[in-house]
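Q: The file below is input08.txt, compact mmCIF, C-alpha atoms and all ligand atoms:
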```txt
# COMPACT_ATOMS: atom_id res chain seq x y z
CA MET A 416 35.51 -56.21 -138.27
CA GLY A 417 34.25 -59.63 -137.09
CA ALA A 418 37.53 -61.29 -138.17
CA GLU A 419 39.55 -58.59 -136.35
CA ASN A 420 37.53 -59.15 -133.16
CA GLY A 421 38.09 -62.90 -133.47
CA ILE A 422 41.86 -62.42 -133.84
CA THR A 423 41.97 -60.09 -130.80
CA ARG A 424 39.98 -62.60 -128.74
CA MET A 425 42.33 -65.38 -129.80
CA LYS A 426 45.40 -63.27 -128.92
CA ASN A 427 43.95 -62.49 -125.46
CA MET A 428 43.23 -66.16 -124.83
CA LEU A 429 46.80 -67.12 -125.79
CA GLN A 430 48.14 -64.46 -123.40
CA ASP A 431 45.88 -65.83 -120.65
CA LEU A 432 47.11 -69.36 -121.34
CA GLU A 433 50.71 -68.19 -120.99
CA THR A 434 49.88 -66.47 -117.68
CA LEU A 435 47.98 -69.54 -116.43
CA TYR A 436 50.97 -71.71 -117.35
CA HIS A 437 53.16 -69.50 -115.13
CA LEU A 438 50.65 -69.52 -112.30
CA VAL A 439 50.13 -73.28 -112.33
CA PHE A 440 53.48 -74.74 -113.37
CA LYS A 441 56.22 -72.18 -112.82
CA ARG A 442 57.75 -72.48 -109.39
CA MET A 443 59.67 -69.80 -107.54
CA TYR A 444 63.36 -70.43 -107.06
CA GLY A 445 66.31 -68.59 -105.57
CA LYS A 446 67.81 -68.03 -102.14
CA THR A 447 66.42 -64.55 -101.53
CA LEU A 448 62.87 -63.22 -101.73
CA GLN A 449 63.93 -60.93 -104.57
CA GLU A 450 65.32 -63.85 -106.61
CA ARG A 451 62.18 -65.84 -105.98
CA LEU A 452 59.88 -62.97 -107.03
CA ASN A 453 61.96 -62.28 -110.15
CA SER A 454 61.89 -65.96 -111.12
CA PHE A 455 58.11 -66.13 -110.71
CA TYR A 456 57.16 -62.96 -112.55
CA ARG A 457 59.82 -63.03 -115.32
CA GLY A 458 57.97 -64.15 -118.46
CA GLN A 459 54.47 -63.13 -117.33
CA GLU A 460 55.19 -59.45 -116.70
CA SER A 461 53.86 -58.16 -120.03
CA HIS A 462 50.47 -59.90 -119.51
CA TYR A 463 50.35 -59.26 -115.76
CA ASP A 464 47.96 -56.32 -115.96
CA SER A 465 45.40 -57.75 -118.36
CA PHE A 466 45.04 -60.94 -116.28
CA ARG A 467 45.26 -59.42 -112.80
CA GLU A 468 42.72 -56.69 -113.51
CA ARG A 469 40.09 -59.49 -113.56
CA LEU A 470 41.50 -61.19 -110.45
CA LEU A 471 42.49 -58.31 -108.17
CA SER A 472 39.12 -56.60 -108.19
CA GLY A 473 39.56 -54.58 -104.98
CA ARG A 474 42.34 -52.31 -106.24
CA ALA A 475 40.35 -49.63 -108.05
CA ASP A 476 37.65 -49.49 -105.32
CA LEU A 477 40.33 -49.13 -102.65
CA PHE A 478 42.21 -46.30 -104.37
CA ASN A 479 38.94 -44.42 -104.86
CA LEU A 480 38.07 -44.71 -101.16
CA VAL A 481 41.03 -42.52 -100.21
CA THR A 482 40.29 -38.83 -99.73
CA LEU A 483 43.06 -36.96 -101.52
CA LYS A 484 44.47 -33.57 -100.68
CA PRO A 485 46.44 -31.68 -103.35
CA GLY A 486 50.21 -32.05 -102.93
CA SER A 487 50.00 -35.43 -101.18
CA ILE A 488 52.71 -38.08 -101.14
CA TRP A 489 51.35 -41.60 -101.79
CA VAL A 490 53.51 -44.71 -101.38
CA ASP A 491 52.25 -47.98 -102.87
CA MET A 492 54.14 -50.83 -101.15
CA GLY A 493 54.67 -53.93 -103.30
CA GLY A 494 53.16 -51.80 -106.05
CA GLY A 495 54.32 -54.07 -108.93
CA THR A 496 53.44 -52.57 -112.31
CA GLY A 497 51.91 -49.43 -110.75
CA ALA A 498 48.51 -50.41 -112.17
CA SER A 499 46.60 -49.38 -109.03
CA PHE A 500 47.34 -45.70 -109.73
CA GLU A 501 45.33 -45.92 -112.98
CA ALA A 502 42.20 -45.94 -110.79
CA LEU A 503 42.89 -42.32 -109.76
CA GLY A 504 42.43 -41.07 -113.34
CA THR A 505 42.91 -37.30 -113.50
CA LYS A 506 43.28 -37.16 -109.68
CA MET A 507 46.79 -38.50 -110.27
CA THR A 508 47.90 -34.91 -111.02
CA MET A 509 46.90 -33.90 -107.46
CA LEU A 510 49.77 -35.95 -106.07
CA LYS A 511 53.13 -34.37 -105.38
CA LYS A 512 54.68 -37.83 -105.57
CA ALA A 513 53.37 -41.32 -106.29
CA TYR A 514 55.89 -43.95 -105.22
CA VAL A 515 55.79 -47.53 -106.48
CA VAL A 516 58.01 -49.61 -104.19
CA ASP A 517 58.69 -53.23 -105.11
CA LEU A 518 61.39 -55.90 -104.99
CA CYS A 519 60.52 -57.50 -108.33
CA GLU A 520 62.47 -56.11 -111.28
CA PRO A 521 60.31 -57.47 -114.17
CA LEU A 522 57.19 -55.83 -112.69
CA LEU A 523 59.02 -52.56 -112.05
CA GLU A 524 60.05 -52.51 -115.73
CA MET A 525 56.32 -52.52 -116.55
CA ALA A 526 55.80 -49.68 -114.06
CA GLN A 527 58.48 -47.66 -115.89
CA GLN A 528 56.64 -48.20 -119.18
CA ARG A 529 53.33 -47.16 -117.54
CA LYS A 530 54.90 -43.98 -116.14
CA LYS A 531 56.25 -43.05 -119.59
CA ARG A 532 53.03 -43.95 -121.41
CA ASN A 533 50.90 -41.81 -119.09
CA GLY A 534 53.40 -38.95 -118.76
CA TRP A 535 53.30 -39.30 -114.96
CA ASP A 536 56.29 -37.11 -114.05
CA ASN A 537 55.30 -37.30 -110.38
CA MET A 538 55.76 -41.09 -110.26
CA GLU A 539 58.90 -42.53 -108.65
CA ILE A 540 59.66 -46.19 -109.21
CA ILE A 541 61.79 -47.66 -106.45
CA HIS A 542 63.44 -51.05 -106.29
CA ALA A 543 63.41 -51.74 -102.54
CA ASP A 544 62.14 -54.00 -99.80
CA ALA A 545 58.90 -52.82 -98.18
CA LEU A 546 60.39 -53.75 -94.81
CA SER A 547 63.23 -51.26 -95.01
CA PHE A 548 62.14 -48.54 -97.47
CA ILE A 549 62.31 -44.95 -96.22
CA LEU A 550 61.33 -41.85 -98.17
CA PRO A 551 64.13 -39.54 -99.35
CA GLY A 552 65.08 -37.07 -96.61
CA ASN A 553 63.03 -39.16 -94.17
CA GLU A 554 59.92 -37.36 -95.43
CA GLN A 555 56.53 -38.68 -94.24
CA ALA A 556 53.74 -39.91 -96.51
CA ASP A 557 50.08 -38.85 -96.60
CA VAL A 558 48.85 -42.17 -98.01
CA LEU A 559 50.30 -45.65 -97.84
CA SER A 560 48.78 -48.58 -99.70
CA PHE A 561 49.16 -52.34 -100.01
CA THR A 562 47.16 -53.92 -102.82
CA TYR A 563 47.47 -57.71 -102.73
CA SER A 564 51.07 -57.37 -101.56
CA LEU A 565 50.76 -58.22 -97.84
CA THR A 566 49.95 -61.85 -98.74
CA MET A 567 53.25 -62.02 -100.65
CA ILE A 568 55.43 -60.32 -98.05
CA PRO A 569 56.53 -63.04 -95.60
CA GLU A 570 56.96 -60.58 -92.69
CA TRP A 571 53.84 -58.58 -93.55
CA TYR A 572 53.41 -57.33 -89.95
CA ALA A 573 56.84 -55.66 -90.20
CA ALA A 574 55.76 -54.01 -93.47
CA ILE A 575 52.69 -52.61 -91.69
CA ASP A 576 54.92 -51.35 -88.86
CA ARG A 577 57.18 -49.66 -91.46
CA ALA A 578 54.10 -48.10 -93.07
CA ALA A 579 52.88 -46.79 -89.73
CA ALA A 580 56.28 -45.22 -89.08
CA MET A 581 56.37 -43.61 -92.53
CA LEU A 582 52.88 -42.08 -92.38
CA LYS A 583 52.16 -38.58 -91.10
CA PRO A 584 49.85 -38.45 -88.08
CA GLY A 585 46.38 -38.28 -89.62
CA GLY A 586 47.70 -40.05 -92.75
CA CYS A 587 45.80 -42.86 -94.41
CA CYS A 588 46.73 -46.55 -94.70
CA ALA A 589 44.72 -48.42 -97.36
CA ALA A 590 44.97 -52.17 -97.94
CA CYS A 591 43.16 -54.87 -99.89
CA ASP A 592 44.02 -58.53 -100.14
CA PHE A 593 42.79 -62.09 -100.11
CA PHE A 594 42.14 -63.49 -96.64
CA ILE A 595 40.61 -66.32 -94.66
CA GLY A 596 38.34 -65.64 -91.71
CA ASN A 597 39.27 -67.18 -88.34
CA PRO A 598 36.21 -69.00 -86.88
CA PHE A 599 37.43 -68.49 -83.30
CA ARG A 600 37.80 -64.74 -83.58
CA ILE A 601 34.12 -63.92 -83.33
CA THR A 602 34.52 -60.38 -81.99
CA GLU A 603 36.60 -59.09 -84.91
CA LYS A 604 35.33 -57.42 -88.06
CA GLN A 605 35.91 -60.32 -90.42
CA ASN A 606 33.25 -62.96 -90.88
CA PRO A 607 34.66 -66.44 -90.35
CA HIS A 608 35.02 -69.05 -93.10
CA ASN A 609 34.35 -72.77 -92.78
CA TRP A 610 37.25 -75.23 -92.87
CA THR A 611 36.85 -76.20 -96.55
CA THR A 612 37.08 -72.54 -97.60
CA ARG A 613 40.05 -71.95 -95.33
CA LEU A 614 41.90 -75.02 -96.54
CA PHE A 615 41.08 -74.58 -100.23
CA TRP A 616 42.28 -71.00 -100.54
CA ARG A 617 45.40 -71.62 -98.46
CA VAL A 618 46.49 -74.48 -100.70
CA TRP A 619 45.38 -72.75 -103.89
CA PHE A 620 47.33 -69.54 -103.30
CA GLU A 621 50.40 -71.06 -101.63
CA THR A 622 51.61 -72.57 -104.90
CA ASP A 623 52.12 -68.98 -106.17
CA GLY A 624 53.81 -67.70 -103.01
CA VAL A 625 50.60 -66.01 -101.82
CA PHE A 626 49.64 -66.64 -98.19
CA PRO A 627 46.11 -65.47 -97.29
CA SER A 628 46.04 -64.70 -93.59
CA THR A 629 43.46 -64.50 -90.83
CA ASP A 630 45.43 -61.66 -89.23
CA HIS A 631 45.92 -58.69 -91.61
CA VAL A 632 42.77 -56.83 -90.63
CA PRO A 633 43.03 -57.45 -86.86
CA TYR A 634 46.62 -56.16 -87.00
CA LEU A 635 45.81 -53.18 -89.26
CA SER A 636 42.95 -52.31 -86.90
CA ARG A 637 45.39 -52.14 -83.98
CA ARG A 638 47.78 -49.82 -85.82
CA PHE A 639 45.17 -47.51 -87.44
CA GLU A 640 41.74 -46.09 -86.58
CA VAL A 641 39.36 -47.97 -88.84
CA GLN A 642 37.58 -45.68 -91.32
CA TYR A 643 36.25 -48.26 -93.73
CA TYR A 644 36.06 -52.04 -93.88
CA ARG A 645 34.37 -54.36 -96.36
CA GLN A 646 34.78 -57.98 -97.31
CA ASP A 647 33.71 -59.52 -100.58
CA ARG A 648 34.41 -62.35 -103.01
CA ALA A 649 36.35 -62.08 -106.27
CA LYS A 650 35.55 -64.20 -109.31
CA LEU A 651 38.52 -66.00 -110.83
CA PRO A 652 39.16 -65.95 -114.59
CA TYR A 653 38.11 -69.29 -116.17
CA LEU A 654 36.79 -70.67 -112.84
CA PRO A 655 33.12 -69.59 -112.75
CA LEU A 656 32.33 -71.63 -109.62
CA ALA A 657 35.14 -70.31 -107.43
CA SER A 658 35.29 -66.89 -105.77
CA ALA A 659 38.12 -65.87 -103.46
CA PRO A 660 37.44 -63.89 -100.25
CA TYR A 661 39.11 -60.48 -100.10
CA TYR A 662 38.91 -57.40 -97.87
CA LEU A 663 39.20 -53.63 -98.27
CA PHE A 664 40.56 -51.68 -95.30
CA VAL A 665 41.13 -47.96 -94.82
CA GLY A 666 42.55 -46.65 -91.56
CA ILE A 667 43.96 -43.41 -90.20
CA LYS A 668 47.17 -43.05 -88.20
CA PRO A 669 46.17 -41.54 -84.84
CA GLU A 670 47.34 -37.89 -84.37
C1 LIG B 1 50.29 -60.02 -106.08
S1 LIG B 1 51.49 -58.79 -106.41
C2 LIG B 1 50.54 -57.30 -106.30
C3 LIG B 1 51.18 -56.18 -107.06
C4 LIG B 1 50.37 -54.89 -107.12
N1 LIG B 1 50.23 -54.29 -105.82
C5 LIG B 1 49.02 -55.12 -107.75
O1 LIG B 1 48.00 -54.86 -107.09
O2 LIG B 1 48.98 -55.54 -108.91
C6 LIG B 1 52.47 -58.72 -104.92
C7 LIG B 1 53.64 -57.79 -105.05
O3 LIG B 1 54.35 -57.70 -103.81
C8 LIG B 1 55.74 -57.58 -104.12
N2 LIG B 1 56.54 -57.90 -102.93
C9 LIG B 1 56.58 -59.07 -102.25
N3 LIG B 1 57.41 -58.97 -101.19
C10 LIG B 1 57.90 -57.70 -101.21
C11 LIG B 1 58.79 -56.97 -100.36
N4 LIG B 1 59.34 -57.53 -99.28
N5 LIG B 1 59.06 -55.68 -100.66
C12 LIG B 1 58.49 -55.10 -101.75
N6 LIG B 1 57.65 -55.73 -102.57
C13 LIG B 1 57.34 -57.01 -102.31
C14 LIG B 1 55.90 -58.54 -105.28
O4 LIG B 1 57.09 -58.36 -105.99
C15 LIG B 1 54.66 -58.23 -106.09
O5 LIG B 1 54.86 -57.19 -106.99
```
Could you rewrite the structure in this file as structure tokens?
A:
Amino acid sequence: MGAENGITRMKNMLQDLETLYHLVFKRMYGKTLQERLNSFYRGQESHYDSFRERLLSGRADLFNLVTLKPGSIWVDMGGGTGASFEALGTKMTMLKKAYVVDLCEPLLEMAQQRKKRNGWDNMEIIHADALSFILPGNEQADVLSFTYSLTMIPEWYAAIDRAAAMLKPGGCCAACDFFIGNPFRITEKQNPHNWTTRLFWRVWFETDGVFPSTDHVPYLSRRFEVQYYRQDRAKLPYLPLASAPYYLFVGIKPE
């Protein structure tokens, strides 16, 4: 039993090392965003979930903040491997459709495996750009989510506009992501960060194509009536002294 545990621990550490190698040394290449995302995630896709579940700590909390009605349509923009839907547990069966929309093929392959493994017949996995995706038959969604995807979408404001257009009046937009607080915007919800924090996290995340912004929450708050807001810090695997600022936002599209 002890030997088995040791072997499992060793295997997990080797997987983490492979993921860390990708995060630190593998650069994105390609002319289009899709090529760049594919080049970055290809090779780390099978370990993506085990590593990111320790890094992207807001996802499960966010999904559980959404009040679900039976028969709802939920679209997860930049949904990657579809891992966020695991947080719904048995509530997943309440959804008429759960869409995972993403540009990155290696991560969508993992989403396909997840759908099969869980027997989620209501899940649709869509290879598309969050900026231009529309639901079949121009249907409108009840819930739209972005979990750590806005920081990776260069024109994130256009993705929020698309989300607002796709939501039913009264529908819910839920987002969580890393951010940096603007010290000059003292009237907004987000607490400011000092310059070392702002600089450190910008540089740290930029190497992986992640751009923490001061502006997600102010912009989301203009498009949706704020229902819930919280900011927190996430511990990073293997870096006990560092914790990255992130926010949770839930808003309602005005009727
Ligand atoms: C940090 S990952 C987060 C994935 C997932 N939401 C999660 O919480 O694990 C960011 C995701 O955004 C996707 N992405 C970036 N730009 C996109 C775009 N324009 N359209 C769709 N997906 C995009 C990436 O491919 C990637 O899967």
Q: Would you please work out which residue, of A:Glu501, A:Asp630, A:Glu640, A:Glu670, is nearest to ligand LIG 1 (chain B) when using all atoms listed in the file?
A: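 Under the stated criterion, the closest residue is A:Glu501.
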Q: Could the residues of stretch 526-634 of chain A that have an atom at most 10 Å from stretch 454-472 of chain A be listed as a tab-separated table, each with its closest atom pair and the distance in Å to one decimal, counting only C-alpha atoms and ordered by chain and ascending residue number?
A:
```
residue	atom	partner	partner_atom	distance
A:Thr562	CA	A:Leu471	CA	8.3
A:Tyr563	CA	A:Leu471	CA	7.4
A:Cys591	CA	A:Leu471	CA	9.0
A:Asp592	CA	A:Leu471	CA	8.2
A:Phe593	CA	A:Leu471	CA	8.9
A:Asp623	CA	A:Phe455	CA	8.0
A:Gly624	CA	A:Phe455	CA	9.0
```
Q: Let me make sure I understand: among A:Glu570, A:Pro485, A:Tyr444, A:Gly534, which one has the smallest atom-to-atom distance to ligand LIG 1 (chain B) if we use all atoms listed in the file?
A: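 Smallest distance to ligand LIG 1 (chain B) is found for A:Glu570.
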Q: Can you work out the spacing between atom CA of A:Ala475 and atom CA of A:Ala502 in Å, to one decimal?
A: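 The value is 5.0 Å.
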Q: Could you state the separation of atom CA of A:Gly585 and atom CA of A:Trp571 in Å, given to one decimal place?
A: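 Separating atom CA of A:Gly585 from atom CA of A:Trp571 is a distance of 22.0 Å.
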